[in-house]
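Q: Submitted below is the structure of interest, expressed as structure tokens.
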Amino acid sequence: MIVTLTTDFGQEDPFVGIMKGVILSINRRAQLVDLTHNISRHDVAGAALALEAAIPYLPPKSVHLAVVDPGVGSARRGLVVSARRQYFVAPDNGLLSFLFSDADWKAVKLENPAYRLLVVSSSFHGRDLFAPAAAHISLGVPIHRFGPAVTDPVRLVLREAKREGDSLTGAVIHIDHFGNLITNIRRELLEGLGADLVVEVAGVRLQGLALYFQDRPAGQPGAIVGSTERLEIFVSGGSAAAHFKAGKGTRVRVWKR
């Protein structure tokens, strides 16, 4: 069984390796896949975006362990969720919000002491609560055994792109490793405008959508529908974040040319 890991732990400390050790101590046959450990510190929304982008490419019944947990040790709940023919283990802080628009999700509170370590610290629930739960799910333990049903999970209020006539207004919601500006404008919204578009970011107008990153000359900006099915602003061979001095929340407009 595949178990993926998504965290903001980085790679400088042994935290990720410790969680893997806990999982393998319970299920030696688990196949561990690192999605990313470079989520910005405490960036719950960033973790949600990363996980949402990755899960369509994992096989059914995969288990996704996601730990970006600024509320560790507090009264916030831990969740086990079944959705999209896969399983998810995470703190109940909005990280799994993208699942709750589906019709068939089920969630339970991570409560049963049989599926945690004997001693639970107040600062490392990834090790003591979430990793053991993920390992037991990978062994086939049904989610109802972990605790009572949860019908009111925490949901992030994410800014959505808006359409007004023949134009869209959105914003940058993520900056990737290459400095690309990923927006909240999804492909289906763009398709509703047609093919001949103008994209404006930081007062600069970009004509049309690129087919690929080197579809623009080196050092020149462009717009493209990226692998996450969202509009991205890029600079060929460079960083759009640096070029436009842009960050999360930077306004982006699109309209028919």
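Starting from 1 in every chain, residues are counted up; chains themselves are A, B, ... following the order of the structure tokens, and ligands are numbered from 1 as listed.
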Go through stretch 140-242 of chain A residue by residue and, counting only C-alpha atoms, keep those with an atom at most 9 Å from stretch 86-93 of chain A; for each kept residue give the shortest atom pair and its distance in Å to one decimal, ordered by chain and increasing number, as JSON lines.
A:
{"residue": "A:Ile143", "atom": "CA", "partner": "A:Tyr87", "partner_atom": "CA", "distance": 8.8}
{"residue": "A:Pro153", "atom": "CA", "partner": "A:Asp92", "partner_atom": "CA", "distance": 6.3}
{"residue": "A:Val154", "atom": "CA", "partner": "A:Asn93", "partner_atom": "CA", "distance": 5.5}
{"residue": "A:Arg155", "atom": "CA", "partner": "A:Asn93", "partner_atom": "CA", "distance": 7.3}
{"residue": "A:Leu156", "atom": "CA", "partner": "A:Asn93", "partner_atom": "CA", "distance": 7.9}
Q: With only C-alpha atoms as the counted atoms, please give the residues lying no more than 12 Å from A:Ile173, apart from itself and same-chain residues fewer than 2 positions off, as a PyMOL selection string.
A: chain A and resi 43+45-50+158-161+170-171+175-176+180-186+230-233+241+246-252
Q: Separation of atom CA of A:Lys20 and atom CA of A:Trp105, in Å?
A: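 Going from atom CA of A:Lys20 over to atom CA of A:Trp105 covers 26.5 Å.
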Q: Calculated over only C-alpha atoms, which of the candidates A:Ile2, A:Val16, A:Leu99, A:Val120 has the smallest distance to A:Ile137?
A: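 Counting only C-alpha atoms, the residue closest to A:Ile137 is A:Ile2.
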Q: Would you kindly return, as a ChimeraX atom specification, each protein, DNA or RNA residue with an atom no farther than 12 Å from any atom of A:Gln11, considering only C-alpha atoms and excluding same-chain residues fewer than 5 positions away?
A: /A:16-18,34,36-39
Q: If you count only C-alpha atoms, which residues fall within 10 Å of A:Glu164, apart from same-chain ones fewer than 4 positions away, as a ChimeraX atom specification?
A: /A:168-169,255
Q: Could the residues in this selection be written to a file with N, CA and C atoms, as an mmCIF file, in the first residue's frame?
A:
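Writing the result to part24.cif gives the following:
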data_model
loop_
_atom_site.group_PDB
_atom_site.id
_atom_site.type_symbol
_atom_site.label_atom_id
_atom_site.label_comp_id
_atom_site.auth_asym_id
_atom_site.auth_seq_id
_atom_site.Cartn_x
_atom_site.Cartn_y
_atom_site.Cartn_z
ATOM 1 N N LEU A 168 -12.155 38.109 -16.166
ATOM 2 C CA LEU A 168 -11.965 37.385 -14.911
ATOM 3 C C LEU A 168 -11.030 38.181 -14.023
ATOM 4 N N THR A 169 -11.304 38.171 -12.734
ATOM 5 C CA THR A 169 -10.397 38.760 -11.756
ATOM 6 C C THR A 169 -10.027 37.697 -10.742
ATOM 7 N N TRP A 255 -9.030 39.002 -19.837
ATOM 8 C CA TRP A 255 -10.194 39.376 -20.623
ATOM 9 C C TRP A 255 -9.969 38.997 -22.081
#
